[in-house]
Structure formats: structure tokens, C-alpha cells
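The file query15.cif contains mmCIF, C-alpha atoms and all ligand atoms:
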data_coords
loop_
_atom_site.group_PDB
_atom_site.id
_atom_site.type_symbol
_atom_site.label_atom_id
_atom_site.label_comp_id
_atom_site.auth_asym_id
_atom_site.auth_seq_id
_atom_site.Cartn_x
_atom_site.Cartn_y
_atom_site.Cartn_z
ATOM 1 C CA MET S 1 106.749 123.701 82.554
ATOM 2 C CA ILE S 2 105.246 120.375 81.491
ATOM 3 C CA LEU S 3 101.955 119.290 83.006
ATOM 4 C CA ILE S 4 102.085 115.547 83.698
ATOM 5 C CA ASP S 5 98.761 114.278 82.433
ATOM 6 C CA GLY S 6 97.944 111.237 84.558
ATOM 7 C CA LYS S 7 94.485 111.046 83.113
ATOM 8 C CA LYS S 8 95.845 110.623 79.588
ATOM 9 C CA VAL S 9 98.473 108.039 80.593
ATOM 10 C CA ALA S 10 95.900 106.091 82.628
ATOM 11 C CA ALA S 11 93.532 106.072 79.630
ATOM 12 C CA GLU S 12 96.323 104.615 77.464
ATOM 13 C CA MET S 13 97.071 101.979 80.095
ATOM 14 C CA LYS S 14 93.391 101.073 80.364
ATOM 15 C CA GLN S 15 93.339 100.541 76.630
ATOM 16 C CA GLU S 16 96.388 98.247 76.939
ATOM 17 C CA ILE S 17 94.723 96.298 79.752
ATOM 18 C CA ALA S 18 91.485 95.936 77.775
ATOM 19 C CA GLU S 19 93.485 94.511 74.846
ATOM 20 C CA GLU S 20 95.231 92.049 77.196
ATOM 21 C CA VAL S 21 91.866 90.910 78.546
ATOM 22 C CA ILE S 22 90.662 90.172 75.017
ATOM 23 C CA LYS S 23 93.851 88.169 74.336
ATOM 24 C CA LEU S 24 93.577 86.335 77.649
ATOM 25 C CA LYS S 25 90.014 85.284 76.915
ATOM 26 C CA ALA S 26 90.858 84.318 73.321
ATOM 27 C CA SER S 27 93.554 81.954 74.613
ATOM 28 C CA GLY S 28 91.068 80.198 76.886
ATOM 29 C CA GLY S 29 91.663 82.187 80.068
ATOM 30 C CA ARG S 30 88.771 83.490 82.112
ATOM 31 C CA THR S 31 87.652 87.083 82.638
ATOM 32 C CA PRO S 32 89.668 88.772 85.436
ATOM 33 C CA HIS S 33 87.456 89.259 88.483
ATOM 34 C CA LEU S 34 87.977 91.854 91.243
ATOM 35 C CA ALA S 35 85.834 92.190 94.371
ATOM 36 C CA ALA S 36 85.643 95.231 96.641
ATOM 37 C CA VAL S 37 84.458 95.147 100.243
ATOM 38 C CA LEU S 38 82.956 98.402 101.499
ATOM 39 C CA VAL S 39 82.059 98.917 105.153
ATOM 40 C CA GLY S 40 79.740 101.800 106.015
ATOM 41 C CA HIS S 41 78.866 104.872 103.966
ATOM 42 C CA ASP S 42 81.857 107.232 104.172
ATOM 43 C CA GLY S 43 81.494 109.638 101.228
ATOM 44 C CA GLY S 44 85.098 109.357 100.027
ATOM 45 C CA SER S 45 85.124 105.552 100.261
ATOM 46 C CA GLU S 46 81.779 105.289 98.429
ATOM 47 C CA THR S 47 83.230 107.388 95.589
ATOM 48 C CA TYR S 48 86.514 105.487 95.373
ATOM 49 C CA VAL S 49 84.838 102.083 95.380
ATOM 50 C CA ALA S 50 82.323 103.206 92.741
ATOM 51 C CA TYR S 51 85.287 104.236 90.547
ATOM 52 C CA LYS S 52 86.947 100.852 91.060
ATOM 53 C CA ILE S 53 83.802 99.008 89.976
ATOM 54 C CA LYS S 54 83.333 101.316 86.969
ATOM 55 C CA ASP S 55 87.000 100.889 85.940
ATOM 56 C CA CYS S 56 86.586 97.092 85.943
ATOM 57 C CA GLY S 57 83.703 97.377 83.481
ATOM 58 C CA ALA S 58 85.723 99.719 81.254
ATOM 59 C CA VAL S 59 88.518 97.158 80.722
ATOM 60 C CA GLY S 60 86.306 94.067 80.497
ATOM 61 C CA PHE S 61 86.826 92.718 84.036
ATOM 62 C CA LYS S 62 84.107 91.194 86.145
ATOM 63 C CA SER S 63 83.567 92.957 89.478
ATOM 64 C CA SER S 64 81.651 92.318 92.692
ATOM 65 C CA LEU S 65 80.767 94.745 95.448
ATOM 66 C CA ILE S 66 80.240 93.396 98.952
ATOM 67 C CA ARG S 67 78.748 95.842 101.446
ATOM 68 C CA PHE S 68 78.495 95.837 105.223
ATOM 69 C CA GLU S 69 76.950 98.376 107.549
ATOM 70 C CA ASP S 70 79.429 100.204 109.783
ATOM 71 C CA ASN S 71 78.327 98.245 112.852
ATOM 72 C CA VAL S 72 79.478 94.933 111.319
ATOM 73 C CA ALA S 73 81.374 92.772 113.830
ATOM 74 C CA GLU S 74 85.062 92.217 113.159
ATOM 75 C CA VAL S 75 84.526 88.423 113.174
ATOM 76 C CA GLU S 76 81.858 88.729 110.504
ATOM 77 C CA LEU S 77 84.155 90.764 108.268
ATOM 78 C CA LEU S 78 87.007 88.304 108.851
ATOM 79 C CA ALA S 79 84.692 85.390 107.954
ATOM 80 C CA LYS S 80 83.838 87.113 104.647
ATOM 81 C CA ILE S 81 87.544 87.601 103.933
ATOM 82 C CA GLU S 82 88.096 83.897 104.551
ATOM 83 C CA GLU S 83 85.297 83.132 102.077
ATOM 84 C CA LEU S 84 86.824 85.476 99.454
ATOM 85 C CA ASN S 85 90.262 83.896 99.999
ATOM 86 C CA GLU S 86 88.741 80.511 99.098
ATOM 87 C CA ASP S 87 86.620 81.759 96.177
ATOM 88 C CA GLU S 88 88.269 80.353 93.063
ATOM 89 C CA THR S 89 86.311 82.639 90.743
ATOM 90 C CA LEU S 90 88.084 85.689 92.211
ATOM 91 C CA ASP S 91 91.523 86.908 91.102
ATOM 92 C CA GLY S 92 91.785 89.539 93.787
ATOM 93 C CA PHE S 93 89.885 91.639 96.271
ATOM 94 C CA ILE S 94 90.305 94.778 98.324
ATOM 95 C CA VAL S 95 88.816 95.952 101.596
ATOM 96 C CA GLN S 96 88.341 99.709 101.333
ATOM 97 C CA LEU S 97 90.035 101.680 104.142
ATOM 98 C CA PRO S 98 89.487 103.350 106.543
ATOM 99 C CA LEU S 99 87.434 100.890 108.562
ATOM 100 C CA PRO S 100 85.284 101.775 111.595
ATOM 101 C CA LYS S 101 87.313 102.152 114.802
ATOM 102 C CA HIS S 102 86.104 98.879 116.382
ATOM 103 C CA ILE S 103 87.728 96.887 113.559
ATOM 104 C CA SER S 104 91.493 96.336 113.414
ATOM 105 C CA GLU S 105 92.693 97.342 109.957
ATOM 106 C CA GLN S 106 95.929 95.436 110.476
ATOM 107 C CA LYS S 107 94.057 92.233 111.387
ATOM 108 C CA VAL S 108 91.899 92.635 108.280
ATOM 109 C CA ILE S 109 94.898 93.258 106.003
ATOM 110 C CA GLU S 110 96.725 90.231 107.412
ATOM 111 C CA ALA S 111 93.633 88.021 106.957
ATOM 112 C CA ILE S 112 93.751 88.538 103.178
ATOM 113 C CA ASN S 113 95.557 85.808 101.259
ATOM 114 C CA PRO S 114 98.670 87.579 99.842
ATOM 115 C CA ARG S 115 97.930 85.922 96.486
ATOM 116 C CA LYS S 116 94.681 87.860 96.283
ATOM 117 C CA ASP S 117 95.933 91.061 97.928
ATOM 118 C CA VAL S 118 95.842 93.263 94.815
ATOM 119 C CA ASP S 119 96.118 96.356 97.053
ATOM 120 C CA GLY S 120 99.603 95.128 98.028
ATOM 121 C CA PHE S 121 99.008 95.955 101.706
ATOM 122 C CA HIS S 122 99.733 92.517 103.218
ATOM 123 C CA PRO S 123 103.142 92.328 104.951
ATOM 124 C CA VAL S 124 104.104 89.422 102.682
ATOM 125 C CA ASN S 125 103.647 91.608 99.588
ATOM 126 C CA VAL S 126 105.345 94.592 101.228
ATOM 127 C CA GLY S 127 108.279 92.391 102.286
ATOM 128 C CA ARG S 128 108.588 90.779 98.862
ATOM 129 C CA MET S 129 108.574 94.197 97.229
ATOM 130 C CA VAL S 130 111.295 95.448 99.604
ATOM 131 C CA ILE S 131 113.684 92.637 98.616
ATOM 132 C CA GLY S 132 112.831 92.884 94.914
ATOM 133 C CA LEU S 133 110.724 89.718 94.556
ATOM 134 C CA PRO S 134 107.572 89.714 92.391
ATOM 135 C CA ALA S 135 104.817 91.247 94.527
ATOM 136 C CA TYR S 136 101.609 93.196 94.349
ATOM 137 C CA VAL S 137 102.759 96.768 94.885
ATOM 138 C CA SER S 138 100.390 99.284 96.380
ATOM 139 C CA ALA S 139 98.643 101.245 93.671
ATOM 140 C CA THR S 140 99.732 104.851 94.234
ATOM 141 C CA PRO S 141 103.503 104.188 94.429
ATOM 142 C CA PHE S 142 103.291 101.868 91.434
ATOM 143 C CA GLY S 143 101.327 104.483 89.483
ATOM 144 C CA ILE S 144 103.837 107.246 90.274
ATOM 145 C CA VAL S 145 106.822 105.185 89.104
ATOM 146 C CA GLU S 146 104.942 104.294 85.900
ATOM 147 C CA LEU S 147 104.100 107.962 85.319
ATOM 148 C CA LEU S 148 107.779 108.987 85.642
ATOM 149 C CA LYS S 149 108.734 106.167 83.277
ATOM 150 C CA ARG S 150 106.158 107.074 80.630
ATOM 151 C CA TYR S 151 107.196 110.758 80.744
ATOM 152 C CA LYS S 152 110.828 109.591 80.322
ATOM 153 C CA ILE S 153 111.903 111.582 83.365
ATOM 154 C CA GLU S 154 115.592 111.027 84.148
ATOM 155 C CA THR S 155 115.819 109.343 87.545
ATOM 156 C CA ASN S 156 119.318 107.800 87.515
ATOM 157 C CA GLY S 157 121.372 109.296 90.343
ATOM 158 C CA LYS S 158 118.815 112.038 91.081
ATOM 159 C CA ASN S 159 117.776 113.188 94.541
ATOM 160 C CA CYS S 160 114.211 112.197 95.371
ATOM 161 C CA VAL S 161 112.548 113.682 98.439
ATOM 162 C CA ILE S 162 109.281 112.106 99.573
ATOM 163 C CA VAL S 163 107.303 114.087 102.144
ATOM 164 C CA GLY S 164 105.139 111.577 104.023
ATOM 165 C CA ARG S 165 105.820 108.080 105.368
ATOM 166 C CA SER S 166 102.458 106.286 105.244
ATOM 167 C CA ASN S 167 102.309 102.520 104.736
ATOM 168 C CA ILE S 168 100.251 103.026 101.576
ATOM 169 C CA VAL S 169 102.278 105.744 99.805
ATOM 170 C CA GLY S 170 105.451 107.301 101.254
ATOM 171 C CA ARG S 171 107.093 104.200 102.724
ATOM 172 C CA PRO S 172 106.614 101.794 99.770
ATOM 173 C CA LEU S 173 107.390 104.582 97.281
ATOM 174 C CA SER S 174 110.721 105.216 99.027
ATOM 175 C CA ILE S 175 111.673 101.587 98.355
ATOM 176 C CA LEU S 176 110.597 101.631 94.689
ATOM 177 C CA MET S 177 112.428 104.896 94.026
ATOM 178 C CA SER S 178 115.701 103.419 95.323
ATOM 179 C CA GLN S 179 115.448 100.141 93.383
ATOM 180 C CA LYS S 180 117.820 99.468 90.509
ATOM 181 C CA ALA S 181 115.218 100.170 87.831
ATOM 182 C CA VAL S 182 114.855 103.752 89.137
ATOM 183 C CA ASN S 183 118.125 104.556 90.943
ATOM 184 C CA THR S 184 117.238 107.748 92.794
ATOM 185 C CA THR S 185 118.811 108.648 96.136
ATOM 186 C CA VAL S 186 115.837 108.847 98.456
ATOM 187 C CA THR S 187 115.070 110.998 101.484
ATOM 188 C CA VAL S 188 111.856 110.342 103.418
ATOM 189 C CA ALA S 189 110.788 113.547 105.153
ATOM 190 C CA HIS S 190 107.918 113.760 107.652
ATOM 191 C CA SER S 191 106.289 115.868 110.340
ATOM 192 C CA ARG S 192 109.414 115.772 112.554
ATOM 193 C CA THR S 193 111.888 116.664 109.807
ATOM 194 C CA GLU S 194 113.993 119.715 110.680
ATOM 195 C CA ASN S 195 114.503 122.379 108.016
ATOM 196 C CA LEU S 196 111.921 120.791 105.724
ATOM 197 C CA GLY S 197 112.184 123.646 103.210
ATOM 198 C CA GLN S 198 115.916 123.089 102.857
ATOM 199 C CA VAL S 199 115.462 119.317 102.503
ATOM 200 C CA CYS S 200 112.811 119.802 99.807
ATOM 201 C CA ARG S 201 114.925 122.352 97.915
ATOM 202 C CA ASN S 202 117.527 119.608 97.498
ATOM 203 C CA ALA S 203 115.062 117.474 95.528
ATOM 204 C CA ASP S 204 115.329 116.862 91.799
ATOM 205 C CA ILE S 205 112.104 114.901 92.220
ATOM 206 C CA LEU S 206 109.812 116.094 95.011
ATOM 207 C CA ILE S 207 106.869 113.906 95.977
ATOM 208 C CA ALA S 208 104.277 115.399 98.321
ATOM 209 C CA ALA S 209 102.233 112.769 100.178
ATOM 210 C CA ILE S 210 101.368 114.426 103.469
ATOM 211 C CA GLY S 211 97.632 114.924 103.085
ATOM 212 C CA VAL S 212 97.783 118.596 104.092
ATOM 213 C CA PRO S 213 96.337 120.887 101.404
ATOM 214 C CA GLY S 214 98.826 123.397 99.980
ATOM 215 C CA TYR S 215 101.655 122.336 102.320
ATOM 216 C CA ILE S 216 104.404 122.639 99.676
ATOM 217 C CA ASN S 217 104.993 126.225 98.558
ATOM 218 C CA GLY S 218 107.209 127.786 95.900
ATOM 219 C CA ASN S 219 110.074 128.447 98.346
ATOM 220 C CA MET S 220 110.392 124.725 99.017
ATOM 221 C CA VAL S 221 111.042 123.804 95.382
ATOM 222 C CA LYS S 222 114.285 123.881 93.426
ATOM 223 C CA GLU S 223 114.237 125.547 90.013
ATOM 224 C CA GLY S 224 113.631 122.806 87.408
ATOM 225 C CA ALA S 225 112.473 120.102 89.842
ATOM 226 C CA VAL S 226 109.865 117.459 88.992
ATOM 227 C CA VAL S 227 106.940 117.764 91.433
ATOM 228 C CA ILE S 228 104.467 114.950 92.074
ATOM 229 C CA ASP S 229 101.399 115.824 94.158
ATOM 230 C CA VAL S 230 99.729 112.848 95.851
ATOM 231 C CA GLY S 231 97.372 114.960 97.974
ATOM 232 C CA THR S 232 93.640 114.471 97.470
ATOM 233 C CA THR S 233 91.906 116.200 100.352
ATOM 234 C CA ARG S 234 88.140 116.355 99.679
ATOM 235 C CA VAL S 235 86.606 119.703 100.515
ATOM 236 C CA LYS S 236 83.034 120.889 100.053
ATOM 237 C CA SER S 237 82.495 123.004 96.949
ATOM 238 C CA ASP S 238 79.500 124.542 95.262
ATOM 239 C CA GLN S 239 81.425 124.652 91.971
ATOM 240 C CA THR S 240 81.228 120.920 91.218
ATOM 241 C CA LYS S 241 78.374 118.530 90.449
ATOM 242 C CA SER S 242 79.414 116.178 93.268
ATOM 243 C CA GLY S 243 79.515 119.012 95.834
ATOM 244 C CA PHE S 244 83.198 118.283 96.565
ATOM 245 C CA LYS S 245 86.545 119.160 95.071
ATOM 246 C CA LEU S 246 89.996 117.662 95.571
ATOM 247 C CA ILE S 247 92.875 119.785 96.869
ATOM 248 C CA GLY S 248 96.507 118.737 96.468
ATOM 249 C CA ASP S 249 99.415 119.048 98.914
ATOM 250 C CA VAL S 250 101.183 121.486 96.570
ATOM 251 C CA LEU S 251 100.364 125.175 96.007
ATOM 252 C CA PHE S 252 100.076 124.616 92.288
ATOM 253 C CA ASP S 253 100.355 128.155 90.884
ATOM 254 C CA GLU S 254 103.518 129.221 92.679
ATOM 255 C CA VAL S 255 105.243 125.832 92.376
ATOM 256 C CA ALA S 256 104.370 125.509 88.650
ATOM 257 C CA GLU S 257 106.395 128.688 87.987
ATOM 258 C CA LYS S 258 109.593 127.033 89.241
ATOM 259 C CA CYS S 259 109.441 123.371 88.329
ATOM 260 C CA SER S 260 110.066 121.525 85.042
ATOM 261 C CA HIS S 261 107.166 119.062 85.472
ATOM 262 C CA ILE S 262 104.173 118.939 87.791
ATOM 263 C CA THR S 263 101.112 116.723 88.303
ATOM 264 C CA PRO S 264 97.762 118.488 88.643
ATOM 265 C CA VAL S 265 95.094 117.611 91.214
ATOM 266 C CA PRO S 266 92.799 116.174 90.008
ATOM 267 C CA GLY S 267 94.057 114.422 86.874
ATOM 268 C CA GLY S 268 97.612 113.598 87.977
ATOM 269 C CA VAL S 269 98.359 110.756 90.387
ATOM 270 C CA GLY S 270 94.707 109.780 91.095
ATOM 271 C CA PRO S 271 93.939 108.174 87.709
ATOM 272 C CA MET S 272 97.274 106.295 87.888
ATOM 273 C CA THR S 273 96.306 104.837 91.269
ATOM 274 C CA ARG S 274 93.044 103.606 89.788
ATOM 275 C CA VAL S 275 94.674 101.955 86.791
ATOM 276 C CA SER S 276 97.368 100.303 88.943
ATOM 277 C CA LEU S 277 94.724 98.307 90.805
ATOM 278 C CA LEU S 278 93.469 97.017 87.447
ATOM 279 C CA LEU S 279 97.008 96.084 86.482
ATOM 280 C CA ASN S 280 97.521 94.134 89.715
ATOM 281 C CA THR S 281 94.256 92.284 89.097
ATOM 282 C CA LEU S 282 95.365 91.440 85.559
ATOM 283 C CA LEU S 283 98.737 90.204 86.874
ATOM 284 C CA SER S 284 96.845 87.958 89.295
ATOM 285 C CA ALA S 285 94.569 86.587 86.550
ATOM 286 C CA LYS S 286 97.654 85.785 84.460
ATOM 287 C CA GLY S 287 99.389 84.162 87.457
ATOM 288 C CA GLU S 288 102.424 86.409 87.021
ATOM 289 C CA ILE S 289 103.214 87.278 90.634
ATOM 290 C CA TYR S 290 102.824 83.973 92.489
ATOM 291 C CA LYS S 291 103.622 81.137 90.089
HETATM 292 N N1 LIG P 1 91.802 103.936 101.107
HETATM 293 C C1 LIG P 1 92.518 104.917 100.512
HETATM 294 N N2 LIG P 1 93.269 104.403 99.511
HETATM 295 C C2 LIG P 1 93.011 103.081 99.473
HETATM 296 C C3 LIG P 1 93.478 102.024 98.653
HETATM 297 O O1 LIG P 1 94.310 102.178 97.754
HETATM 298 N N3 LIG P 1 92.959 100.797 98.933
HETATM 299 C C4 LIG P 1 92.076 100.580 99.928
HETATM 300 N N4 LIG P 1 91.665 99.323 100.136
HETATM 301 N N5 LIG P 1 91.630 101.538 100.709
HETATM 302 C C5 LIG P 1 92.093 102.790 100.475
#

Exercise: express the given structure as C-alpha cells:
Amino acid sequence: MILIDGKKVAAEMKQEIAEEVIKLKASGGRTPHLAAVLVGHDGGSETYVAYKIKDCGAVGFKSSLIRFEDNVAEVELLAKIEELNEDETLDGFIVQLPLPKHISEQKVIEAINPRKDVDGFHPVNVGRMVIGLPAYVSATPFGIVELLKRYKIETNGKNCVIVGRSNIVGRPLSILMSQKAVNTTVTVAHSRTENLGQVCRNADILIAAIGVPGYINGNMVKEGAVVIDVGTTRVKSDQTKSGFKLIGDVLFDEVAEKCSHITPVPGGVGPMTRVSLLLNTLLSAKGEIYK
């Protein structure tokens, strides 16, 4: 069994991005600049945004953090988005989700100029990705495809089963995995799928993105399959400095005995998601998506 080391691959990619930034600046370009908008004080969101800001520093990007309290009015948030859309010093920005219930996430996503939507959540980017046009692709799906590529995992003609159909992971990943560069035959399974175990056992590549800790057990995995665990449920723990630990969607020990490759949690998909946002920001700074 091969452990897919997302942390190592992401570190290599960060090094590549840092080198590109140096080249970009040497040829007269400006420093890539990412902004993050954080509403409220949700523990998970605070952590993820802090990582995004730290990652920018590590590769030589400029970053800005814009904070609002969780009682911010939707119009105020939308006005800030308008301002960020117009800000010519910014290559891209993200609004960390989830947002408080009184704010429409869809309205917020659609208010972002697709040219600056480095999360790849705007329908224009999703639509462009679906028909194979240059687009910002959401970070987790992009990171997973890159991880498979860098581990030289054979995908041509293979059966890929994705459990989960979210707009951020399962749905866009199903499109990427069926594109010509990847060529898998994709099944999207979800909470209403009948005989889920049987469907999963048909997978050469099984991707768990349900958000339910330990949902995929050893009986659901074919001998020799490649297993990608997207789950990152935060649970309280007295064994870590932060007071939390991350639990994947896959029961690691029993699945690891059967599969050929598996991603750990943490240290698998998570670091790839983080680096993909940097890559999208770099693509924006270089003008490579929207010419
Ligand atoms: N919340 C969970 N994942 C993400 C992400 O990739 N981007 C944003 N903006 N919010 C998130």
C-alpha cells in the first residue's frame, strides 16, 4: 500500500510557485495579491483563512484579510465585494464559507467578478470548466486531479466512484475526472444511492467526499483500489495543541489493508486544496485564464 503524501507534493508545488513569482517579478510583473474576506469567528473558518494568509507569505504573494462581524448586513458585504472587484491591485479574492444564515451565499458568490473568483465558485467559472474552457477550478477537485497525476496513477478507462455531490467538491470533481486529460468513467454516488457498498466496490478510484467521519469501511473497497479521502471533520481532542483533530470519511486502518494507494487525513487532500488556491491566484496574476 502506498500512502499518497499530499503534504510533500504540496510543498513541491509551493516551491514551484515561489520560483514563478520570482520570475514574474524579474520580468516586470507585480507581486500576486490575494484577499480573503472572513465573516464572524467560526473556529474552522478562522483556521482555514489563517492558513491561506500564511501560504501567501510562504510563496511571496501579497495578502489582505478583510473581516466583518457576523451581524454584518448583506448589502454591506456586497458593497465590499464590489469594491474588491474594482480594486486593480488585487489578482483574486475569496469569501470564506459558510456565511451567517441571513446572508445568501449564492448572491455573494455571484457578486464576485469571475475574473477574480480564484475559488472557482462563480457559475461562469463552473460553466466554463464543464465545457473545457480555461477557468478557475475549485481548489479541492483541482488538487485531487493534480495529486493523481503526480503519483502517476493510471486513470485511462478506469471506474471512478465519487461519494458526495457538493458544489465545491463532488460535482466539479465528477466533471474533471471525465475530461479527456483524465478519462475515467465516473459515477456520482450520494445519500440516496441504493446498494452504496456494491457501487463503491466497483471503483478503481474511490473518492470519499461526504463529510461523515469513517463512512467508508473496508467492505466497500475493491482490492487494489486507489482511495482518496476528502473528509475533514473537526472534532475536539486533548491530544493536539489546537484542541481539535481532523477525521476523514474513510476508516483508514481497514481500508489501507485492501487498497493500493490511500490519502491520509490530515496530510492528504487538505494541503493540495491549499496550494491550488495559490495556483489559481498565480494564474490570475499571469492573466492565463481570462486573456
Ligand atoms: N469553506 C470550505 N472550503 C472553502 C473554500 O475552498 N473556499 C471558501 N471560500 N470557503 C470554503

Hey, what comes out of the PyMOL selection byres (((chain S and resi 185-191) around 12) and not hetatm) on this file? Could you write it as a PyMOL selection string? chain S and resi 155-166+169-180+182-184+192-212+215

Keeping only C-alpha atoms, take the residues you just selected and write them out as a compact mmCIF listing (two decimals), in the frame of the given file.
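selection-v2.txt was written with the following content:
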# COMPACT_ATOMS: atom_id res chain seq x y z
CA THR S 155 115.82 109.34 87.54
CA ASN S 156 119.32 107.80 87.52
CA GLY S 157 121.37 109.30 90.34
CA LYS S 158 118.82 112.04 91.08
CA ASN S 159 117.78 113.19 94.54
CA CYS S 160 114.21 112.20 95.37
CA VAL S 161 112.55 113.68 98.44
CA ILE S 162 109.28 112.11 99.57
CA VAL S 163 107.30 114.09 102.14
CA GLY S 164 105.14 111.58 104.02
CA ARG S 165 105.82 108.08 105.37
CA SER S 166 102.46 106.29 105.24
CA VAL S 169 102.28 105.74 99.80
CA GLY S 170 105.45 107.30 101.25
CA ARG S 171 107.09 104.20 102.72
CA PRO S 172 106.61 101.79 99.77
CA LEU S 173 107.39 104.58 97.28
CA SER S 174 110.72 105.22 99.03
CA ILE S 175 111.67 101.59 98.36
CA LEU S 176 110.60 101.63 94.69
CA MET S 177 112.43 104.90 94.03
CA SER S 178 115.70 103.42 95.32
CA GLN S 179 115.45 100.14 93.38
CA LYS S 180 117.82 99.47 90.51
CA VAL S 182 114.86 103.75 89.14
CA ASN S 183 118.12 104.56 90.94
CA THR S 184 117.24 107.75 92.79
CA ARG S 192 109.41 115.77 112.55
CA THR S 193 111.89 116.66 109.81
CA GLU S 194 113.99 119.72 110.68
CA ASN S 195 114.50 122.38 108.02
CA LEU S 196 111.92 120.79 105.72
CA GLY S 197 112.18 123.65 103.21
CA GLN S 198 115.92 123.09 102.86
CA VAL S 199 115.46 119.32 102.50
CA CYS S 200 112.81 119.80 99.81
CA ARG S 201 114.92 122.35 97.92
CA ASN S 202 117.53 119.61 97.50
CA ALA S 203 115.06 117.47 95.53
CA ASP S 204 115.33 116.86 91.80
CA ILE S 205 112.10 114.90 92.22
CA LEU S 206 109.81 116.09 95.01
CA ILE S 207 106.87 113.91 95.98
CA ALA S 208 104.28 115.40 98.32
CA ALA S 209 102.23 112.77 100.18
CA ILE S 210 101.37 114.43 103.47
CA GLY S 211 97.63 114.92 103.08
CA VAL S 212 97.78 118.60 104.09
CA TYR S 215 101.66 122.34 102.32

The PyMOL selection byres (((not hetatm)) within 8 of (chain P and resi 1)) on the file shown: which residues, as a PyMOL selection string? chain S and resi 45+48+94-98+119+138-140+168+273+277

Go through the shown structure with the PyMOL selection byres (((chain S and resi 89) around 12) and not hetatm) and write out the matching residues as a PyMOL selection string. chain S and resi 29-35+62-64+83-88+90-93+116+284-285

Enclose the full set of atoms of segment 190-199 of chain S listed in the file within a box whose edges lie along x, y and z, apply 5 Å of padding to each of the six sides, and report centre and edge lengths in Å to one decimal as JSON.
{"center_x": 111.1, "center_y": 118.7, "center_z": 107.5, "size_x": 19.6, "size_y": 19.9, "size_z": 20.1}

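When all atoms listed in the file are used to compute distances to Glu19 of chain S, the closest of the residues S:Val269, S:Ile112, S:Ala73, S:Ala58 turns out to be S:Ala58.
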
Save segment 38-52 of chain S of the structure in the block above to a file, with N, CA, C and O atoms included, as a PDB file, in the first residue's frame.
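Final output, result11.pdb:
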ATOM      1  N   LEU S  38     -13.449  37.343   5.664  1.00  0.00           N
ATOM      2  CA  LEU S  38     -13.895  36.425   6.722  1.00  0.00           C
ATOM      3  C   LEU S  38     -15.013  37.100   7.522  1.00  0.00           C
ATOM      4  O   LEU S  38     -14.828  38.201   8.046  1.00  0.00           O
ATOM      5  N   VAL S  39     -16.150  36.421   7.587  1.00  0.00           N
ATOM      6  CA  VAL S  39     -17.291  36.960   8.335  1.00  0.00           C
ATOM      7  C   VAL S  39     -17.467  36.130   9.612  1.00  0.00           C
ATOM      8  O   VAL S  39     -17.612  34.910   9.541  1.00  0.00           O
ATOM      9  N   GLY S  40     -17.435  36.798  10.747  1.00  0.00           N
ATOM     10  CA  GLY S  40     -17.656  36.102  12.018  1.00  0.00           C
ATOM     11  C   GLY S  40     -16.402  35.439  12.545  1.00  0.00           C
ATOM     12  O   GLY S  40     -15.281  35.728  12.096  1.00  0.00           O
ATOM     13  N   HIS S  41     -16.605  34.505  13.487  1.00  0.00           N
ATOM     14  CA  HIS S  41     -15.458  33.910  14.199  1.00  0.00           C
ATOM     15  C   HIS S  41     -15.553  32.393  14.285  1.00  0.00           C
ATOM     16  O   HIS S  41     -15.097  31.800  15.252  1.00  0.00           O
ATOM     17  N   ASP S  42     -16.176  31.752  13.297  1.00  0.00           N
ATOM     18  CA  ASP S  42     -16.249  30.290  13.291  1.00  0.00           C
ATOM     19  C   ASP S  42     -14.820  29.711  13.364  1.00  0.00           C
ATOM     20  O   ASP S  42     -13.923  30.144  12.617  1.00  0.00           O
ATOM     21  N   GLY S  43     -14.630  28.756  14.272  1.00  0.00           N
ATOM     22  CA  GLY S  43     -13.281  28.229  14.527  1.00  0.00           C
ATOM     23  C   GLY S  43     -12.622  27.657  13.289  1.00  0.00           C
ATOM     24  O   GLY S  43     -11.460  27.955  12.996  1.00  0.00           O
ATOM     25  N   GLY S  44     -13.384  26.828  12.537  1.00  0.00           N
ATOM     26  CA  GLY S  44     -12.831  26.207  11.330  1.00  0.00           C
ATOM     27  C   GLY S  44     -12.450  27.274  10.314  1.00  0.00           C
ATOM     28  O   GLY S  44     -11.342  27.252   9.773  1.00  0.00           O
ATOM     29  N   SER S  45     -13.350  28.228  10.076  1.00  0.00           N
ATOM     30  CA  SER S  45     -13.084  29.274   9.079  1.00  0.00           C
ATOM     31  C   SER S  45     -11.884  30.121   9.476  1.00  0.00           C
ATOM     32  O   SER S  45     -11.053  30.477   8.631  1.00  0.00           O
ATOM     33  N   GLU S  46     -11.779  30.453  10.765  1.00  0.00           N
ATOM     34  CA  GLU S  46     -10.618  31.228  11.250  1.00  0.00           C
ATOM     35  C   GLU S  46      -9.324  30.485  10.891  1.00  0.00           C
ATOM     36  O   GLU S  46      -8.369  31.070  10.391  1.00  0.00           O
ATOM     37  N   THR S  47      -9.317  29.164  11.165  1.00  0.00           N
ATOM     38  CA  THR S  47      -8.118  28.365  10.895  1.00  0.00           C
ATOM     39  C   THR S  47      -7.800  28.348   9.400  1.00  0.00           C
ATOM     40  O   THR S  47      -6.658  28.583   8.998  1.00  0.00           O
ATOM     41  N   TYR S  48      -8.831  28.076   8.577  1.00  0.00           N
ATOM     42  CA  TYR S  48      -8.576  27.945   7.145  1.00  0.00           C
ATOM     43  C   TYR S  48      -8.085  29.259   6.549  1.00  0.00           C
ATOM     44  O   TYR S  48      -7.171  29.275   5.719  1.00  0.00           O
ATOM     45  N   VAL S  49      -8.680  30.368   6.982  1.00  0.00           N
ATOM     46  CA  VAL S  49      -8.262  31.659   6.433  1.00  0.00           C
ATOM     47  C   VAL S  49      -6.839  31.998   6.901  1.00  0.00           C
ATOM     48  O   VAL S  49      -6.022  32.495   6.123  1.00  0.00           O
ATOM     49  N   ALA S  50      -6.531  31.676   8.147  1.00  0.00           N
ATOM     50  CA  ALA S  50      -5.166  31.922   8.646  1.00  0.00           C
ATOM     51  C   ALA S  50      -4.151  31.147   7.796  1.00  0.00           C
ATOM     52  O   ALA S  50      -3.077  31.671   7.453  1.00  0.00           O
ATOM     53  N   TYR S  51      -4.500  29.898   7.429  1.00  0.00           N
ATOM     54  CA  TYR S  51      -3.608  29.107   6.570  1.00  0.00           C
ATOM     55  C   TYR S  51      -3.425  29.791   5.208  1.00  0.00           C
ATOM     56  O   TYR S  51      -2.336  29.816   4.647  1.00  0.00           O
ATOM     57  N   LYS S  52      -4.528  30.298   4.672  1.00  0.00           N
ATOM     58  CA  LYS S  52      -4.461  30.912   3.332  1.00  0.00           C
ATOM     59  C   LYS S  52      -3.529  32.124   3.342  1.00  0.00           C
ATOM     60  O   LYS S  52      -2.732  32.314   2.423  1.00  0.00           O
TER      61      LYS S  52
END
